[in-house]
$ cat final-v3.csv   # CSV, C-alpha atoms
chain,number,residue,atom,x,y,z
J,1,MET,CA,13.2,-21.1,-8.6
J,2,ILE,CA,10.5,-23.7,-7.9
J,3,VAL,CA,6.9,-22.5,-8.1
J,4,ASP,CA,4.4,-24.2,-5.8
J,5,LYS,CA,2.0,-25.2,-8.5
J,6,GLU,CA,-0.8,-26.2,-6.2
J,7,ARG,CA,-0.7,-23.1,-4.0
J,8,TYR,CA,-0.6,-20.7,-6.9
J,9,LYS,CA,-2.7,-22.8,-9.3
J,10,ARG,CA,-5.2,-20.0,-10.0
J,11,HIS,CA,-2.4,-17.6,-10.8
J,12,LEU,CA,-0.8,-20.1,-13.1
J,13,LEU,CA,-4.0,-20.5,-15.1
J,14,LEU,CA,-3.9,-16.8,-16.0
J,15,LYS,CA,-1.9,-16.0,-19.2
J,16,GLU,CA,-1.2,-12.6,-17.8
J,17,ILE,CA,0.7,-14.2,-14.8
J,18,GLY,CA,1.6,-17.8,-15.4
J,19,GLU,CA,4.7,-19.4,-14.1
J,20,SER,CA,7.0,-16.5,-15.2
J,21,GLY,CA,4.8,-14.0,-13.4
J,22,GLN,CA,4.7,-16.1,-10.3
J,23,ARG,CA,8.4,-16.2,-10.2
J,24,LYS,CA,8.4,-12.4,-10.5
J,25,LEU,CA,6.1,-12.2,-7.5
J,26,ARG,CA,8.4,-14.5,-5.6
J,27,GLU,CA,11.4,-12.3,-6.4
J,28,ALA,CA,9.6,-9.1,-5.5
J,29,LYS,CA,10.2,-7.0,-2.4
J,30,VAL,CA,7.4,-4.7,-1.2
J,31,LEU,CA,7.4,-2.2,1.6
J,32,VAL,CA,4.0,-1.5,3.2
J,33,VAL,CA,3.7,1.7,5.3
J,34,GLY,CA,0.8,1.2,7.7
J,35,ALA,CA,-0.7,-2.0,9.1
J,36,GLY,CA,-4.3,-0.7,9.7
J,37,GLY,CA,-7.4,-0.5,7.7
J,38,LEU,CA,-5.6,-0.3,4.3
J,39,GLY,CA,-2.5,-2.3,5.3
J,40,SER,CA,-4.5,-5.3,6.5
J,41,PRO,CA,-6.0,-6.2,3.1
J,42,VAL,CA,-2.8,-5.1,1.3
J,43,CYS,CA,-0.6,-7.4,3.3
J,44,LEU,CA,-3.1,-10.3,3.2
J,45,TYR,CA,-3.4,-10.3,-0.5
J,46,LEU,CA,0.3,-9.7,-1.2
J,47,ALA,CA,1.2,-12.6,1.2
J,48,THR,CA,-1.3,-15.0,-0.4
J,49,ALA,CA,-0.2,-13.9,-3.9
J,50,GLY,CA,3.3,-15.1,-3.0
J,51,VAL,CA,5.2,-11.8,-2.9
J,52,GLY,CA,8.6,-13.0,-1.7
J,53,GLU,CA,9.5,-10.3,0.8
J,54,ILE,CA,7.1,-7.9,2.6
J,55,CYS,CA,8.3,-5.3,5.1
J,56,ILE,CA,5.6,-3.7,7.3
J,57,VAL,CA,6.2,-0.4,9.0
J,58,ASP,CA,3.8,0.8,11.7
J,59,SER,CA,4.2,2.2,15.3
J,60,ASP,CA,0.7,1.5,16.7
J,61,VAL,CA,-0.7,-1.2,18.9
J,62,VAL,CA,-4.1,-2.9,18.3
J,63,ASP,CA,-7.0,-1.0,19.8
J,64,ILE,CA,-10.6,-2.3,20.1
J,65,SER,CA,-11.8,0.5,17.8
J,66,ASN,CA,-9.5,-0.9,15.1
J,67,LEU,CA,-11.4,-4.2,14.9
J,68,GLN,CA,-14.3,-2.7,12.9
J,69,ARG,CA,-12.1,-2.5,9.8
J,70,GLN,CA,-8.6,-3.8,10.4
J,71,ILE,CA,-9.1,-7.4,9.4
J,72,LEU,CA,-5.7,-8.7,10.4
J,73,TYR,CA,-6.5,-8.5,14.1
J,74,SER,CA,-8.9,-9.9,16.7
J,75,ASN,CA,-9.7,-9.4,20.4
J,76,GLU,CA,-6.8,-11.5,21.5
J,77,ASP,CA,-4.4,-9.1,19.8
J,78,LEU,CA,-5.5,-6.0,21.8
J,79,GLY,CA,-2.6,-4.0,23.2
J,80,MET,CA,0.0,-5.8,21.0
J,81,ALA,CA,2.1,-4.2,18.3
J,82,LYS,CA,0.3,-4.4,14.9
J,83,VAL,CA,3.5,-5.2,13.0
J,84,GLU,CA,4.4,-8.1,15.2
J,85,ILE,CA,0.9,-9.6,15.0
J,86,ALA,CA,0.8,-9.0,11.2
J,87,LYS,CA,4.2,-10.7,10.7
J,88,LYS,CA,3.2,-13.8,12.6
J,89,LYS,CA,-0.2,-14.2,10.8
J,90,LEU,CA,1.2,-13.6,7.3
J,91,GLU,CA,4.1,-16.1,7.8
J,92,LYS,CA,1.6,-18.6,9.1
J,93,MET,CA,-0.6,-18.0,6.2
J,94,ASN,CA,2.1,-18.5,3.6
J,95,PRO,CA,5.4,-20.0,4.8
J,96,ASP,CA,7.0,-19.4,1.3
J,97,ILE,CA,7.4,-15.7,2.0
J,98,ARG,CA,9.6,-13.6,4.3
J,99,VAL,CA,8.0,-10.8,6.4
J,100,SER,CA,9.9,-8.2,8.4
J,101,ALA,CA,8.4,-5.9,10.9
J,102,VAL,CA,9.5,-2.3,11.8
J,103,ARG,CA,7.7,-0.9,14.8
J,104,ASP,CA,8.3,2.8,14.0
J,105,ARG,CA,6.7,5.7,12.1
J,106,PHE,CA,8.0,6.0,8.5
J,107,GLY,CA,9.7,9.4,8.1
J,108,LYS,CA,12.8,11.4,7.3
J,109,ASP,CA,14.9,9.8,10.0
J,110,ASN,CA,14.5,6.2,8.8
J,111,ALA,CA,12.9,6.1,5.4
J,112,GLU,CA,16.1,5.8,3.3
J,113,GLY,CA,17.4,3.0,5.5
J,114,ILE,CA,14.2,1.0,5.7
J,115,SER,CA,13.3,1.3,2.0
J,116,ARG,CA,16.8,0.8,0.5
J,117,SER,CA,16.1,-2.7,-0.9
J,118,TYR,CA,12.5,-2.1,-1.9
J,119,ASP,CA,11.4,-0.7,-5.3
J,120,ILE,CA,7.7,-0.7,-4.5
J,121,ILE,CA,6.2,1.1,-1.6
J,122,VAL,CA,2.5,0.9,-0.6
J,123,ASP,CA,1.1,3.9,1.2
J,124,ALA,CA,-1.4,2.4,3.6
J,125,SER,CA,-1.0,5.1,6.2
J,126,ASP,CA,-3.8,6.9,8.1
J,127,ASN,CA,-2.4,10.4,8.5
J,128,ILE,CA,-1.8,13.3,6.1
J,129,GLU,CA,1.8,13.9,7.1
J,130,THR,CA,3.0,10.3,6.4
J,131,ARG,CA,0.8,10.2,3.2
J,132,TYR,CA,2.6,13.2,1.7
J,133,PHE,CA,6.0,12.2,3.0
J,134,CYS,CA,5.6,8.8,1.2
J,135,ASN,CA,4.7,10.7,-2.0
J,136,ASP,CA,7.6,13.1,-1.8
J,137,PHE,CA,10.1,10.5,-0.7
J,138,CYS,CA,9.2,8.1,-3.6
J,139,VAL,CA,9.3,10.8,-6.2
J,140,SER,CA,12.7,12.0,-5.0
J,141,GLN,CA,14.1,8.4,-4.8
J,142,GLY,CA,12.6,7.1,-8.1
J,143,LYS,CA,10.5,4.4,-6.4
J,144,THR,CA,7.1,3.2,-7.4
J,145,LEU,CA,4.3,4.2,-4.9
J,146,ILE,CA,0.9,2.8,-4.6
J,147,HIS,CA,-1.2,5.4,-2.9
J,148,GLY,CA,-4.5,4.8,-1.1
J,149,SER,CA,-6.7,7.0,1.0
J,150,ILE,CA,-10.1,6.7,2.6
J,151,GLY,CA,-12.8,8.9,4.1
J,152,GLU,CA,-16.3,8.0,5.4
J,153,PHE,CA,-17.8,6.4,2.3
J,154,ASN,CA,-15.1,7.3,-0.2
J,155,GLY,CA,-11.8,5.9,-1.4
J,156,ASN,CA,-8.9,7.0,-3.7
J,157,ILE,CA,-6.2,5.0,-5.3
J,158,MET,CA,-3.3,6.1,-7.5
J,159,THR,CA,-0.1,4.5,-8.8
J,160,ILE,CA,2.9,6.8,-9.0
J,161,VAL,CA,6.0,5.8,-11.0
J,162,PRO,CA,9.2,7.7,-11.8
J,163,GLY,CA,8.2,10.6,-14.1
J,164,SER,CA,4.4,10.3,-13.7
J,165,ALA,CA,2.0,12.6,-12.0
J,166,CYS,CA,2.1,12.4,-8.2
J,167,LEU,CA,-0.2,13.0,-5.3
J,168,ARG,CA,0.7,16.7,-5.2
J,169,CYS,CA,-0.2,17.1,-8.9
J,170,VAL,CA,-3.8,16.2,-7.8
J,171,PHE,CA,-3.8,17.7,-4.3
J,172,PRO,CA,-1.0,20.2,-4.0
J,173,GLU,CA,-1.4,21.0,-0.3
J,174,ALA,CA,-1.8,18.5,2.5
J,175,VAL,CA,-4.6,20.5,4.1
J,176,MET,CA,-6.9,19.6,1.1
J,177,LEU,CA,-7.2,16.0,2.5
J,178,LYS,CA,-8.9,15.1,5.8
J,179,LYS,CA,-7.1,12.9,8.2
J,180,SER,CA,-9.0,9.6,8.1
J,181,SER,CA,-9.0,9.2,11.9
J,182,ASP,CA,-10.8,12.5,12.3
J,183,SER,CA,-14.0,11.1,10.8
J,184,GLY,CA,-16.0,7.9,10.6
J,185,VAL,CA,-15.6,5.3,8.0
J,186,VAL,CA,-17.5,2.2,6.8
J,187,GLY,CA,-15.3,-0.8,7.5
J,188,ALA,CA,-15.6,-2.1,3.9
J,189,VAL,CA,-14.2,1.1,2.4
J,190,PRO,CA,-10.5,0.4,3.4
J,191,GLY,CA,-11.1,-3.2,2.4
J,192,ILE,CA,-11.9,-2.1,-1.1
J,193,VAL,CA,-9.1,0.4,-1.3
J,194,GLY,CA,-6.5,-2.0,0.1
J,195,SER,CA,-7.6,-4.8,-2.2
J,196,ILE,CA,-7.2,-2.5,-5.2
J,197,GLN,CA,-3.8,-1.3,-4.0
J,198,ALA,CA,-2.7,-5.0,-3.7
J,199,ALA,CA,-4.0,-5.6,-7.3
J,200,GLU,CA,-1.9,-2.6,-8.5
J,201,VAL,CA,1.2,-4.0,-6.9
J,202,ILE,CA,0.7,-7.4,-8.5
J,203,LYS,CA,0.0,-5.7,-11.9
J,204,VAL,CA,3.2,-3.6,-11.6
J,205,ILE,CA,5.3,-6.7,-10.6
J,206,VAL,CA,4.1,-9.0,-13.4
J,207,GLY,CA,3.6,-6.3,-16.0
J,208,ALA,CA,-0.1,-7.0,-16.6
J,209,GLY,CA,-2.8,-4.6,-17.6
J,210,GLU,CA,-2.7,-0.9,-17.1
J,211,PRO,CA,-1.8,0.4,-13.6
J,212,LEU,CA,-3.4,3.6,-12.4
J,213,VAL,CA,-0.5,5.7,-13.6
J,214,ASN,CA,-1.5,9.3,-14.3
J,215,LYS,CA,-4.9,8.3,-13.1
J,216,LEU,CA,-6.9,8.7,-9.9
J,217,LEU,CA,-9.5,6.1,-9.2
J,218,THR,CA,-12.2,7.4,-6.8
J,219,PHE,CA,-15.4,5.8,-5.6
J,220,ASN,CA,-18.3,6.4,-3.3
J,221,ILE,CA,-20.1,3.3,-1.8
J,222,LEU,CA,-23.3,5.2,-1.2
J,223,THR,CA,-23.9,5.6,-4.9
J,224,MET,CA,-21.5,2.9,-6.1
J,225,ASP,CA,-20.0,5.4,-8.5
J,226,PHE,CA,-16.5,4.5,-9.5
J,227,MET,CA,-14.6,7.1,-11.6
J,228,THR,CA,-11.2,7.1,-13.2
J,229,ILE,CA,-9.9,10.6,-13.6
J,230,ASP,CA,-6.9,11.4,-15.9
J,231,VAL,CA,-4.2,13.3,-14.1
J,232,LEU,CA,-1.6,15.5,-15.8
J,233,LYS,CA,1.8,15.9,-14.4
J,234,ASN,CA,2.2,19.4,-13.0
J,235,PRO,CA,5.5,20.8,-14.4
J,236,ASN,CA,5.6,23.2,-11.5
J,237,CYS,CA,5.0,20.5,-8.9
J,238,HIS,CA,7.3,21.2,-5.9
J,239,CYS,CA,7.5,17.6,-4.9
J,240,SER,CA,11.3,17.2,-5.0
J,241,LYS,CA,14.3,16.2,-3.1
J,242,GLN,CA,14.8,19.9,-2.2
J,243,TRP,CA,11.4,19.9,-0.6
J,244,LEU,CA,12.3,16.9,1.6
J,245,GLU,CA,15.4,18.7,2.8
J,246,GLN,CA,13.6,21.8,3.9

$ encode --input "final-v3.csv" --output "structure tokens"
Amino acid sequence: MIVDKERYKRHLLLKEIGESGQRKLREAKVLVVGAGGLGSPVCLYLATAGVGEICIVDSDVVDISNLQRQILYSNEDLGMAKVEIAKKKLEKMNPDIRVSAVRDRFGKDNAEGISRSYDIIVDASDNIETRYFCNDFCVSQGKTLIHGSIGEFNGNIMTIVPGSACLRCVFPEAVMLKKSSDSGVVGAVPGIVGSIQAAEVIKVIVGAGEPLVNKLLTFNILTMDFMTIDVLKNPNCHCSKQWLEQ
């Protein structure tokens, strides 16, 4: 596999990535659930990093209220399907990669079929139901999940791998998290969270550093406090395949 040494020059200069790591990125397949405030920076940074195959799942169209934070879109995209716009822009940005678009909501009826060839899933959704479904589905299927959530001035990021603590080990019940669309949010907050999610994906793929496994990174931009909280796996966590089948 030939690596574009000019395009990825700044990656190749890093001993933690180098040419072998860039090949791993080229061979990687990542599924991104959500193409909004979180999905925009996630997709942009994965595409420019040279992740070989990206699948984006989202059912929404671009609304003018999205433009305050969803940096993939502009006025000319209003009313159009987010996944179709994202696919075109990402492929134009990096012709080396493949991007597929699924205009649907990720859930029980389609998750297994959509995700079959993807080992890493990024939860960039904006609603509680999808967020917890992604968590439970990935745990049951043994897939790596990069979780991100936002609210007003705050953000959370967590990387979940087979056998590690999951979202329910931190927040057992979905009612404990507010739906992001029910409150305001500073546009930069999803940008920060999505960028960190993309960084976690890259670290997992190339095997660099310490991903946020058994850890929750949380921050508040008003105080600029960033905290990493150790999370223990709950042996009684009811996140299981049986839960999905209920």

$ closest_residue --input "final-v3.csv" --among "J:Gly21, J:Gly113, J:Pro235, J:Gly37" --to "Gly148 in chain J" --atoms "all atoms listed in the file"
J:Gly37

$ residues_around --input "final-v3.csv" --residues "Ser20 in chain J" --least-positions-apart "6" --cutoff "10 Å" --atoms "all atoms listed in the file" --output "PDB file with C-alpha atoms, keeping the file's coordinate frame"
ATOM      1  CA  VAL J   3       6.900 -22.500  -8.100  1.00  0.00           C
ATOM      2  CA  LEU J  12      -0.800 -20.100 -13.100  1.00  0.00           C
ATOM      3  CA  ARG J  26       8.400 -14.500  -5.600  1.00  0.00           C
ATOM      4  CA  VAL J 206       4.100  -9.000 -13.400  1.00  0.00           C
TER       5      VAL J 206
END

$ closest_residue --input "final-v3.csv" --among "J:Ile202, J:Asn94, J:Gly187, J:Asn234" --to "Gly163 in chain J" --atoms "only C-alpha atoms"
J:Asn234

$ closest_residue --input "final-v3.csv" --among "J:Thr159, J:Asn236, J:Thr228, J:Ser195" --to "Pro211 in chain J" --atoms "all atoms listed in the file"
J:Thr159

$ closest_residue --input "final-v3.csv" --among "J:Ile120, J:Leu222, J:Val231, J:Ile128" --to "Glu173 in chain J" --atoms "all atoms listed in the file"
J:Ile128

$ atom_distance --input "final-v3.csv" --atom1 "CA of Val32 in chain J" --atom2 "CA of Leu13 in chain J"
27.6 Å

$ closest_residue --input "final-v3.csv" --among "J:Val61, J:Arg103, J:Arg69, J:Thr144" --to "Val189 in chain J" --atoms "only C-alpha atoms"
J:Arg69

$ closest_residue --input "final-v3.csv" --among "J:Asp136, J:Asp109, J:Asp104, J:Asp96" --to "Pro172 in chain J" --atoms "only C-alpha atoms"
J:Asp136

$ atom_distance --input "final-v3.csv" --atom1 "CA of Leu90 in chain J" --atom2 "CA of Ile205 in chain J"
19.6 Å

$ residues_around --input "final-v3.csv" --residues "Ile146 in chain J" --least-positions-apart "6" --cutoff "12 Å" --atoms "all atoms listed in the file" --output "PyMOL selection string"
chain J and resi 30-33+38-39+42+119-125+131+134-135+138-139+156-161+166-167+193-204+211-217

$ build_atoms --input "final-v3.csv" --residues "range 220-231 of chain J" --atoms "all heavy atoms" --output "CSV table (one decimal), in the coordinates of the input"
chain,number,residue,atom,x,y,z
J,220,ASN,N,-17.5,6.1,-4.4
J,220,ASN,CA,-18.3,6.4,-3.3
J,220,ASN,C,-19.3,5.2,-3.1
J,220,ASN,O,-20.0,4.8,-4.1
J,220,ASN,CB,-19.1,7.7,-3.5
J,220,ASN,CG,-20.0,8.0,-2.3
J,220,ASN,OD1,-20.9,7.2,-1.9
J,220,ASN,ND2,-19.8,9.2,-1.8
J,221,ILE,N,-19.3,4.5,-2.0
J,221,ILE,CA,-20.1,3.3,-1.8
J,221,ILE,C,-21.6,3.6,-1.7
J,221,ILE,O,-22.4,2.7,-1.8
J,221,ILE,CB,-19.6,2.4,-0.7
J,221,ILE,CG1,-19.8,3.1,0.7
J,221,ILE,CG2,-18.2,2.0,-0.9
J,221,ILE,CD1,-19.6,2.1,1.8
J,222,LEU,N,-21.9,4.9,-1.3
J,222,LEU,CA,-23.3,5.2,-1.2
J,222,LEU,C,-24.0,5.2,-2.5
J,222,LEU,O,-25.2,4.7,-2.6
J,222,LEU,CB,-23.5,6.6,-0.5
J,222,LEU,CG,-23.1,6.7,1.0
J,222,LEU,CD1,-23.4,8.1,1.5
J,222,LEU,CD2,-23.9,5.7,1.8
J,223,THR,N,-23.3,5.6,-3.6
J,223,THR,CA,-23.9,5.6,-4.9
J,223,THR,C,-23.3,4.5,-5.8
J,223,THR,O,-23.9,4.3,-6.9
J,223,THR,CB,-23.6,7.0,-5.6
J,223,THR,OG1,-22.2,7.2,-5.7
J,223,THR,CG2,-24.2,8.1,-4.8
J,224,MET,N,-22.3,3.9,-5.3
J,224,MET,CA,-21.5,2.9,-6.1
J,224,MET,C,-21.0,3.5,-7.4
J,224,MET,O,-21.0,2.8,-8.4
J,224,MET,CB,-22.3,1.6,-6.3
J,224,MET,CG,-22.3,0.7,-5.1
J,224,MET,SD,-20.6,0.3,-4.6
J,224,MET,CE,-20.9,-0.6,-3.1
J,225,ASP,N,-20.7,4.7,-7.4
J,225,ASP,CA,-20.0,5.4,-8.5
J,225,ASP,C,-18.5,5.2,-8.4
J,225,ASP,O,-17.9,5.6,-7.4
J,225,ASP,CB,-20.4,6.9,-8.6
J,225,ASP,CG,-21.8,7.1,-9.0
J,225,ASP,OD1,-22.3,6.3,-9.7
J,225,ASP,OD2,-22.4,8.1,-8.5
J,226,PHE,N,-17.9,4.6,-9.4
J,226,PHE,CA,-16.5,4.5,-9.5
J,226,PHE,C,-16.0,5.3,-10.7
J,226,PHE,O,-16.6,5.1,-11.8
J,226,PHE,CB,-16.0,3.0,-9.7
J,226,PHE,CG,-16.1,2.2,-8.5
J,226,PHE,CD1,-17.3,1.8,-7.9
J,226,PHE,CD2,-14.9,1.8,-7.9
J,226,PHE,CE1,-17.3,1.1,-6.8
J,226,PHE,CE2,-14.9,1.0,-6.8
J,226,PHE,CZ,-16.1,0.6,-6.2
J,227,MET,N,-15.1,6.2,-10.5
J,227,MET,CA,-14.6,7.1,-11.6
J,227,MET,C,-13.1,7.0,-11.7
J,227,MET,O,-12.4,7.1,-10.7
J,227,MET,CB,-15.1,8.5,-11.4
J,227,MET,CG,-16.5,8.8,-11.5
J,227,MET,SD,-16.9,10.6,-11.4
J,227,MET,CE,-16.2,11.0,-9.8
J,228,THR,N,-12.6,7.0,-12.9
J,228,THR,CA,-11.2,7.1,-13.2
J,228,THR,C,-10.9,8.4,-13.8
J,228,THR,O,-11.4,8.7,-14.9
J,228,THR,CB,-10.6,5.9,-14.0
J,228,THR,OG1,-11.0,4.7,-13.4
J,228,THR,CG2,-9.1,6.0,-14.2
J,229,ILE,N,-10.1,9.2,-13.1
J,229,ILE,CA,-9.9,10.6,-13.6
J,229,ILE,C,-8.4,10.7,-14.1
J,229,ILE,O,-7.5,10.3,-13.4
J,229,ILE,CB,-10.1,11.6,-12.5
J,229,ILE,CG1,-11.5,11.5,-11.9
J,229,ILE,CG2,-9.8,13.0,-12.9
J,229,ILE,CD1,-11.7,12.2,-10.6
J,230,ASP,N,-8.3,11.2,-15.4
J,230,ASP,CA,-6.9,11.4,-15.9
J,230,ASP,C,-6.3,12.5,-15.2
J,230,ASP,O,-6.9,13.6,-14.9
J,230,ASP,CB,-7.0,11.7,-17.4
J,230,ASP,CG,-7.4,10.4,-18.2
J,230,ASP,OD1,-7.2,9.3,-17.8
J,230,ASP,OD2,-8.0,10.6,-19.3
J,231,VAL,N,-5.0,12.3,-14.8
J,231,VAL,CA,-4.2,13.3,-14.1
J,231,VAL,C,-3.0,13.7,-14.9
J,231,VAL,O,-2.3,12.9,-15.4
J,231,VAL,CB,-3.8,12.8,-12.7
J,231,VAL,CG1,-3.0,13.9,-12.0
J,231,VAL,CG2,-5.0,12.4,-11.9
